[in-house]
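Here is start.cif, consisting of mmCIF, C-alpha atoms and all ligand atoms:
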data_final
loop_
_atom_site.label_atom_id
_atom_site.label_comp_id
_atom_site.auth_asym_id
_atom_site.auth_seq_id
_atom_site.Cartn_x
_atom_site.Cartn_y
_atom_site.Cartn_z
CA MET I 977 0.00 0.00 0.00
CA GLY I 978 1.33 3.37 -1.01
CA GLU I 979 1.00 6.59 0.90
CA ILE I 980 1.11 10.34 0.45
CA VAL I 981 3.73 11.28 3.01
CA LEU I 982 3.88 15.04 2.42
CA ALA I 983 1.83 17.63 0.51
CA ALA I 984 2.95 21.18 -0.18
CA LYS I 985 2.44 24.25 -2.31
CA VAL I 986 5.85 25.50 -3.43
CA THR I 987 7.45 28.35 -5.27
CA HIS I 988 9.74 27.75 -8.25
CA VAL I 989 10.79 31.32 -9.04
CA PRO I 990 13.83 31.37 -11.32
CA SER I 991 15.38 34.09 -9.17
CA MET I 992 16.24 31.20 -6.82
CA TYR I 993 18.77 30.11 -9.42
CA LEU I 994 20.10 33.69 -9.66
CA SER I 995 20.35 33.70 -5.87
CA GLU I 996 22.99 30.95 -6.12
CA GLN I 997 25.16 32.87 -8.57
CA PRO I 998 27.64 35.57 -7.61
CA GLY I 999 26.58 39.12 -8.38
CA GLN I 1000 23.78 41.56 -7.67
CA HIS I 1001 21.15 38.98 -6.73
CA HIS I 1002 23.32 36.61 -4.72
CA GLY I 1003 21.41 35.34 -1.69
CA CYS I 1004 18.15 37.11 -2.57
CA ARG I 1005 16.09 33.89 -2.39
CA ALA I 1006 17.95 32.22 0.50
CA GLU I 1007 14.71 31.79 2.49
CA ALA I 1008 12.85 30.16 -0.38
CA ILE I 1009 15.79 27.80 -1.00
CA ALA I 1010 15.91 26.93 2.72
CA GLY I 1011 12.16 26.16 2.53
CA HIS I 1012 12.70 23.73 -0.35
CA LYS I 1013 15.58 22.03 1.42
CA GLU I 1014 13.46 21.58 4.54
CA ILE I 1015 10.54 20.12 2.55
CA GLY I 1016 12.92 17.66 0.88
CA ARG I 1017 14.47 16.73 4.22
CA ARG I 1018 11.08 16.07 5.80
CA ALA I 1019 9.89 14.03 2.82
CA ARG I 1020 12.92 11.75 3.03
CA GLU I 1021 12.50 11.48 6.79
CA LEU I 1022 8.91 10.34 6.17
CA GLY I 1023 10.14 7.68 3.76
CA ALA I 1024 9.27 9.29 0.42
CA ASP I 1025 10.67 7.59 -2.66
CA VAL I 1026 8.84 9.66 -5.30
CA ALA I 1027 8.27 13.40 -5.84
CA LEU I 1028 5.09 14.04 -7.83
CA VAL I 1029 5.06 17.63 -9.10
CA PHE I 1030 2.10 19.57 -10.53
CA ASP I 1031 3.99 21.85 -12.89
CA THR I 1032 2.36 25.14 -13.90
CA HIS I 1033 5.05 25.66 -16.55
CA TRP I 1034 3.96 22.65 -18.56
CA LEU I 1035 1.28 24.00 -20.89
CA VAL I 1036 -1.27 21.58 -22.31
CA ASN I 1037 -4.29 22.40 -24.45
CA SER I 1038 -6.21 19.15 -24.19
CA GLY I 1039 -6.26 16.24 -21.76
CA TYR I 1040 -4.32 15.66 -18.55
CA HIS I 1041 -0.70 14.61 -19.10
CA ILE I 1042 1.84 12.82 -16.97
CA ASN I 1043 5.55 12.79 -17.79
CA CYS I 1044 6.68 9.49 -16.32
CA SER I 1045 9.86 8.74 -18.24
CA ASN I 1046 12.34 6.19 -16.95
CA HIS I 1047 14.96 8.88 -16.56
CA PHE I 1048 15.39 12.64 -16.88
CA GLU I 1049 18.74 14.12 -17.69
CA GLY I 1050 19.86 17.27 -19.47
CA ILE I 1051 21.04 20.86 -19.36
CA TYR I 1052 18.19 23.33 -19.13
CA THR I 1053 17.88 26.93 -20.24
CA SER I 1054 14.49 28.59 -19.84
CA ASN I 1055 13.15 29.81 -23.18
CA GLU I 1056 10.73 31.99 -21.24
CA LEU I 1057 13.25 33.74 -18.97
CA PRO I 1058 16.71 32.85 -20.34
CA HIS I 1059 18.32 35.71 -18.36
CA PHE I 1060 17.27 33.90 -15.15
CA ILE I 1061 17.90 30.20 -15.78
CA GLN I 1062 20.80 29.17 -18.02
CA ASP I 1063 22.63 25.85 -18.39
CA MET I 1064 21.11 24.22 -15.33
CA ALA I 1065 22.14 20.55 -15.27
CA TYR I 1066 19.76 17.90 -13.93
CA ASN I 1067 19.67 14.14 -13.55
CA TYR I 1068 16.75 12.26 -11.94
CA ALA I 1069 15.31 8.79 -12.10
CA GLY I 1070 11.65 8.58 -13.12
CA CYS I 1071 8.81 6.35 -11.94
CA PRO I 1072 6.82 5.08 -14.95
CA ASP I 1073 4.67 2.64 -12.95
CA LEU I 1074 3.24 5.39 -10.73
CA GLY I 1075 2.46 7.56 -13.77
CA GLU I 1076 0.68 4.65 -15.47
CA LEU I 1077 -1.34 3.92 -12.34
CA ILE I 1078 -2.48 7.55 -12.09
CA ALA I 1079 -3.57 7.58 -15.74
CA THR I 1080 -5.49 4.33 -15.32
CA GLU I 1081 -7.28 5.57 -12.21
CA ALA I 1082 -8.12 8.96 -13.76
CA ASN I 1083 -9.42 7.41 -16.99
CA ARG I 1084 -11.56 5.04 -14.93
CA SER I 1085 -13.20 8.20 -13.53
CA ASP I 1086 -13.75 9.55 -17.08
CA ILE I 1087 -10.94 12.11 -16.79
CA ARG I 1088 -9.09 11.86 -20.12
CA THR I 1089 -5.48 11.35 -19.07
CA MET I 1090 -2.30 10.22 -20.82
CA ALA I 1091 0.91 8.90 -19.28
CA HIS I 1092 4.08 9.40 -21.36
CA ASN I 1093 7.42 7.64 -21.27
CA ILE I 1094 9.12 9.52 -24.12
CA LYS I 1095 12.83 10.24 -23.90
CA SER I 1096 12.53 13.60 -25.73
CA LEU I 1097 9.67 14.87 -23.53
CA LYS I 1098 11.63 17.09 -21.16
CA LEU I 1099 10.83 18.57 -17.76
CA GLU I 1100 9.85 22.21 -17.30
CA TYR I 1101 11.26 24.47 -14.61
CA GLY I 1102 8.18 24.21 -12.36
CA THR I 1103 9.56 20.74 -11.69
CA LEU I 1104 13.29 21.35 -12.15
CA VAL I 1105 13.65 24.26 -9.70
CA PRO I 1106 12.10 22.57 -6.62
CA MET I 1107 13.85 19.29 -7.47
CA ARG I 1108 17.19 21.11 -7.65
CA TYR I 1109 16.96 22.47 -4.10
CA MET I 1110 15.24 19.42 -2.61
CA HIS I 1111 18.17 17.31 -3.87
CA MET I 1112 20.99 19.76 -3.18
CA GLY I 1113 23.66 18.09 -1.03
CA VAL I 1114 21.60 14.89 -0.78
CA PRO I 1115 23.47 11.57 -1.29
CA GLU I 1116 22.51 9.75 -4.49
CA GLU I 1117 20.99 6.80 -2.65
CA GLN I 1118 18.49 9.16 -0.98
CA ALA I 1119 17.38 10.81 -4.25
CA LEU I 1120 13.67 10.82 -5.06
CA LYS I 1121 12.23 9.52 -8.30
CA VAL I 1122 10.46 12.28 -10.22
CA VAL I 1123 7.06 12.33 -11.94
CA SER I 1124 5.76 15.58 -13.45
CA ILE I 1125 2.14 16.44 -14.26
CA ALA I 1126 1.09 19.26 -16.58
CA ALA I 1127 -0.68 21.94 -14.51
CA TRP I 1128 -0.92 24.81 -16.99
CA ASP I 1129 -4.19 23.42 -18.23
CA ALA I 1130 -5.26 26.12 -20.61
CA TRP I 1131 -8.82 25.01 -21.40
CA HIS I 1132 -9.66 22.80 -18.46
CA ASP I 1133 -12.23 23.11 -15.70
CA LEU I 1134 -10.83 23.66 -12.18
CA ASN I 1135 -13.42 21.22 -10.80
CA GLU I 1136 -12.14 18.52 -13.14
CA SER I 1137 -8.61 19.22 -11.88
CA ILE I 1138 -9.87 18.71 -8.31
CA LYS I 1139 -11.37 15.37 -9.40
CA PHE I 1140 -8.08 14.54 -11.11
CA GLY I 1141 -6.36 15.19 -7.76
CA GLU I 1142 -8.80 12.78 -6.09
CA ALA I 1143 -7.90 10.13 -8.68
CA ILE I 1144 -4.19 10.75 -7.99
CA ARG I 1145 -4.80 10.12 -4.30
CA ARG I 1146 -6.55 6.80 -5.04
CA ALA I 1147 -3.77 5.77 -7.43
CA ILE I 1148 -1.05 6.46 -4.86
CA LYS I 1149 -2.91 4.34 -2.30
CA VAL I 1150 -2.84 1.27 -4.57
CA SER I 1151 0.79 1.86 -5.61
CA ASN I 1152 3.95 0.67 -3.90
CA HIS I 1153 5.27 4.18 -3.39
CA ASN I 1154 5.54 6.76 -0.65
CA VAL I 1155 4.92 10.01 -2.44
CA MET I 1156 5.62 13.67 -1.79
CA VAL I 1157 3.04 15.73 -3.72
CA LEU I 1158 3.99 19.28 -4.73
CA ALA I 1159 1.79 21.96 -6.27
CA SER I 1160 4.46 24.03 -7.99
CA GLY I 1161 3.01 27.44 -8.73
CA SER I 1162 2.50 30.93 -7.37
CA LEU I 1163 -0.24 32.62 -5.38
CA SER I 1164 -1.21 35.67 -7.49
CA HIS I 1165 0.71 35.89 -10.73
CA ARG I 1166 0.51 39.39 -12.24
CA PHE I 1167 4.00 39.77 -13.70
CA SER I 1168 5.31 43.31 -13.73
CA ASP I 1169 5.26 45.44 -16.84
CA ASN I 1170 8.62 45.49 -18.58
CA SER I 1171 9.34 49.07 -17.48
CA ASP I 1172 8.87 48.10 -13.79
CA ALA I 1173 10.54 44.68 -13.90
CA MET I 1174 13.73 45.56 -12.03
CA GLU I 1175 11.99 47.76 -9.45
CA ASN I 1176 9.49 44.96 -8.71
CA MET I 1177 12.04 42.15 -8.50
CA HIS I 1178 11.01 41.58 -4.84
CA ARG I 1179 7.51 43.07 -4.89
CA TRP I 1180 3.97 42.40 -5.98
CA THR I 1181 2.80 44.33 -9.06
CA ARG I 1182 -0.58 45.25 -7.55
CA GLU I 1183 -1.61 45.91 -3.96
CA PHE I 1184 -4.90 44.12 -4.71
CA ASP I 1185 -3.03 40.87 -5.39
CA ARG I 1186 -0.81 41.25 -2.32
CA GLN I 1187 -3.87 41.74 -0.08
CA MET I 1188 -5.65 38.77 -1.65
CA ASP I 1189 -2.59 36.55 -1.14
CA ILE I 1190 -2.28 37.63 2.51
CA ARG I 1191 -5.96 36.78 3.08
CA VAL I 1192 -5.68 33.42 1.31
CA VAL I 1193 -2.65 32.42 3.38
CA GLU I 1194 -4.53 33.45 6.52
CA MET I 1195 -7.37 31.11 5.46
CA TRP I 1196 -4.84 28.29 4.95
CA ARG I 1197 -3.34 28.94 8.39
CA GLN I 1198 -6.84 28.57 9.85
CA GLY I 1199 -7.66 25.46 7.82
CA HIS I 1200 -10.52 27.12 5.94
CA PHE I 1201 -10.14 25.00 2.82
CA LYS I 1202 -13.86 24.55 2.19
CA GLU I 1203 -14.21 28.31 1.72
CA PHE I 1204 -10.96 28.48 -0.23
CA ARG I 1205 -12.17 25.81 -2.64
CA THR I 1206 -15.34 27.86 -3.25
CA MET I 1207 -13.42 31.03 -4.08
CA LEU I 1208 -10.61 29.39 -6.11
CA PRO I 1209 -12.09 30.11 -9.58
CA GLU I 1210 -12.50 33.85 -8.85
CA TYR I 1211 -9.11 34.04 -7.11
CA ALA I 1212 -7.46 32.42 -10.15
CA GLN I 1213 -9.29 34.74 -12.51
CA HIS I 1214 -8.87 38.08 -10.75
CA CYS I 1215 -5.31 37.48 -9.51
CA TYR I 1216 -3.97 35.99 -12.78
CA GLY I 1217 -3.44 32.52 -11.28
CA GLU I 1218 -0.34 30.84 -12.69
CA GLY I 1219 -1.45 28.11 -15.07
CA GLY I 1220 -5.00 29.00 -14.01
CA MET I 1221 -4.10 27.64 -10.53
CA HIS I 1222 -4.69 24.08 -11.71
CA ASP I 1223 -1.79 22.95 -9.50
CA THR I 1224 -3.70 24.21 -6.47
CA ALA I 1225 -6.94 22.58 -7.65
CA MET I 1226 -5.15 19.22 -8.04
CA LEU I 1227 -3.64 19.60 -4.57
CA LEU I 1228 -7.09 20.28 -3.08
CA GLY I 1229 -8.28 17.05 -4.73
CA VAL I 1230 -5.35 15.15 -3.25
CA LEU I 1231 -6.13 16.54 0.22
CA GLY I 1232 -9.82 15.62 -0.05
CA GLU I 1233 -13.09 17.44 0.44
CA GLU I 1234 -13.06 17.20 4.24
CA TYR I 1235 -9.53 18.55 4.66
CA ASP I 1236 -9.41 21.33 7.26
CA THR I 1237 -5.96 21.13 8.85
CA PRO I 1238 -4.11 24.42 9.40
CA ALA I 1239 -1.25 24.84 6.93
CA GLU I 1240 2.34 25.28 8.08
CA ILE I 1241 3.98 28.20 6.32
CA LEU I 1242 7.67 27.40 5.84
CA THR I 1243 8.50 30.43 3.71
CA GLU I 1244 6.36 33.50 4.36
CA PRO I 1245 4.66 35.00 1.29
CA PHE I 1246 7.01 37.15 -0.78
CA GLY I 1247 6.81 39.20 -3.95
CA SER I 1248 8.91 38.13 -6.94
CA SER I 1249 8.87 39.93 -10.31
CA GLY I 1250 5.37 41.15 -9.39
CA THR I 1251 3.96 37.74 -8.41
CA GLY I 1252 3.11 36.30 -4.97
CA GLN I 1253 5.08 33.25 -3.79
CA ILE I 1254 5.13 30.85 -0.85
CA ASN I 1255 6.31 27.48 0.50
CA ALA I 1256 3.51 25.93 2.55
CA ILE I 1257 3.07 22.42 3.92
CA PHE I 1258 -0.43 20.94 4.22
CA PRO I 1259 -0.11 18.49 7.13
CA LEU I 1260 -1.59 15.03 6.56
FE FE T 1 6.29 30.16 -12.62
#

What does this structure look like when you write it as structure tokens?
Amino acid sequence: MGEIVLAAKVTHVPSMYLSEQPGQHHGCRAEAIAGHKEIGRRARELGADVALVFDTHWLVNSGYHINCSNHFEGIYTSNELPHFIQDMAYNYAGCPDLGELIATEANRSDIRTMAHNIKSLKLEYGTLVPMRYMHMGVPEEQALKVVSIAAWDAWHDLNESIKFGEAIRRAIKVSNHNVMVLASGSLSHRFSDNSDAMENMHRWTREFDRQMDIRVVEMWRQGHFKEFRTMLPEYAQHCYGEGGMHDTAMLLGVLGEEYDTPAEILTEPFGSSGTGQINAIFPL
């Protein structure tokens, strides 16, 4: 019997990679990196062998898609923000059997889902950034296998993504894996206009979004997930949810309808290039 050992909403801002490099931005995302390292440490302590990541940088136009290759290896440069992430090397084992199980369980619930084991289907940085820090300094024998799920679901219904999350939970239970589930995406996501990009490197673009994010995190701290689920479509719409906030919808499905446990905020909300970011654990 498999188990979900840890569930979290995590940032993946590319300024974390800049934070590692010498120069003007060195150290600027130290707290976010520390949050990732702590999440990885706890997952391993809880016996996780797989990291399942809902990646809001993997855009799909139809269907739900799982990248469950045998192995992921390469050197990544972001085509979206090449001045932030360049030549980032990665090397992770995959977990095809878990991906296949999720697809089978979702399709059984009439959620059209495809699992892919295609060598040339690469990972996006919504997966690569958290995996980088959650594996940094970790011995090879303690590395997690990686499965990535597309969570920039351009034409999908948020309620279907919640149901997809419920199917993921059932699939994990019948698997042989202990799984860390990560919703990799922002809170609000109104990028700054080009003319304000540098000034807003560590800020929100709009006060409206900042206030909404503060309120949402307060609801999470109080365990008010029933209310949060009700407001998610409007929050995603009015605050430019990253990938339509389908990562968050899937995570709510994984947690279940009755979930009401106060969240643990590991990295307090912060502004990054105009967007709102966080690392938060949802205790199980
Ligand atoms: Fe992003």

For region 1186-1198 of chain I, list every protein, DNA or RNA residue within 10 Å, evaluated using all atoms listed in the file, and leave out those in the same chain fewer than 6 positions away; present the list as a ChimeraX atom specification. /I:1162-1164,1179-1180,1204,1207-1208,1211,1214-1215,1236-1241,1244-1247,1250-1254,1256-1258

Sorted by chain and rising residue number, which residues of chain I lie within 8 Å of ligand FE 1 (chain T), and what are their closest atom pairs and distances in Å to one decimal, counting all atoms listed in the file, as a tab-separated table?
residue	atom	partner	partner_atom	distance
I:Thr987	CA	T:FE1	FE	7.7
I:His988	CA	T:FE1	FE	6.1
I:Val989	CA	T:FE1	FE	5.9
I:Pro990	CA	T:FE1	FE	7.7
I:Thr1032	CA	T:FE1	FE	6.5
I:His1033	CA	T:FE1	FE	6.1
I:Tyr1101	CA	T:FE1	FE	7.8
I:Gly1102	CA	T:FE1	FE	6.2
I:Ser1160	CA	T:FE1	FE	7.9
I:Gly1161	CA	T:FE1	FE	5.8
I:Ser1162	CA	T:FE1	FE	6.5
I:Glu1218	CA	T:FE1	FE	6.7

Taking all atoms listed in the file into account, name the residue in I:Asn1135, I:Ser1124, I:Ser1248, I:Asn1152 that is nearest to Glu1233 (chain I).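 Using all atoms listed in the file, the shortest distance to Glu1233 (chain I) belongs to I:Asn1135.
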
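Straight-line separation from CA of Arg1088 (chain I) to CA of Asn1046 (chain I): 22.4 Å.
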
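Comparing I:Ser1085, I:Ser1045, I:Thr1181, I:Thr1080 by their smallest distance to Lys1121 (chain I), the closest is I:Ser1045 (using all atoms listed in the file).
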
Nearest-residue call for Ala1159 (chain I), choices I:Glu1007, I:Glu1175, I:Asp1223, I:Glu1049, using only C-alpha atoms: I:Asp1223

Which value, in Å to one decimal, gives the distance between CA of Leu1120 (chain I) and CA of Ala1147 (chain I)? 18.3 Å

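Nearest-residue note for Ala1173 (chain I): choosing from I:Ser1249, I:Met1221, I:Tyr1235, I:Gly1016, the minimum distance belongs to I:Ser1249, counting all atoms listed in the file.
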
Interatomic distance (Å, one decimal) between CA of Glu1076 (chain I) and CA of Ile1042 (chain I):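 Separation between CA of Glu1076 (chain I) and CA of Ile1042 (chain I): 8.4 Å.
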
Residue contacts of Leu1035 (chain I) (12 Å, all atoms listed in the file) excluding same-chain residues fewer than 4 positions away, as an NGL selection string: :I and (1030-1031 or 1039-1042 or 1099-1102 or 1125-1132 or 1218-1220 or 1222-1223)

Can you spit out the residues from that selection as an mmCIF file, in the coordinates of the input, using C-alpha atoms?
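The new file part.cif reads:
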data_model
loop_
_atom_site.group_PDB
_atom_site.id
_atom_site.type_symbol
_atom_site.label_atom_id
_atom_site.label_comp_id
_atom_site.auth_asym_id
_atom_site.auth_seq_id
_atom_site.Cartn_x
_atom_site.Cartn_y
_atom_site.Cartn_z
ATOM 1 C CA PHE I 1030 2.100 19.570 -10.530
ATOM 2 C CA ASP I 1031 3.990 21.850 -12.890
ATOM 3 C CA GLY I 1039 -6.260 16.240 -21.760
ATOM 4 C CA TYR I 1040 -4.320 15.660 -18.550
ATOM 5 C CA HIS I 1041 -0.700 14.610 -19.100
ATOM 6 C CA ILE I 1042 1.840 12.820 -16.970
ATOM 7 C CA LEU I 1099 10.830 18.570 -17.760
ATOM 8 C CA GLU I 1100 9.850 22.210 -17.300
ATOM 9 C CA TYR I 1101 11.260 24.470 -14.610
ATOM 10 C CA GLY I 1102 8.180 24.210 -12.360
ATOM 11 C CA ILE I 1125 2.140 16.440 -14.260
ATOM 12 C CA ALA I 1126 1.090 19.260 -16.580
ATOM 13 C CA ALA I 1127 -0.680 21.940 -14.510
ATOM 14 C CA TRP I 1128 -0.920 24.810 -16.990
ATOM 15 C CA ASP I 1129 -4.190 23.420 -18.230
ATOM 16 C CA ALA I 1130 -5.260 26.120 -20.610
ATOM 17 C CA TRP I 1131 -8.820 25.010 -21.400
ATOM 18 C CA HIS I 1132 -9.660 22.800 -18.460
ATOM 19 C CA GLU I 1218 -0.340 30.840 -12.690
ATOM 20 C CA GLY I 1219 -1.450 28.110 -15.070
ATOM 21 C CA GLY I 1220 -5.000 29.000 -14.010
ATOM 22 C CA HIS I 1222 -4.690 24.080 -11.710
ATOM 23 C CA ASP I 1223 -1.790 22.950 -9.500
#

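Ranking I:Lys985, I:Val1114, I:Asn1043, I:Lys1149 by their shortest atom-to-atom distance to Thr1224 (chain I), with all atoms listed in the file included, puts I:Lys985 first.
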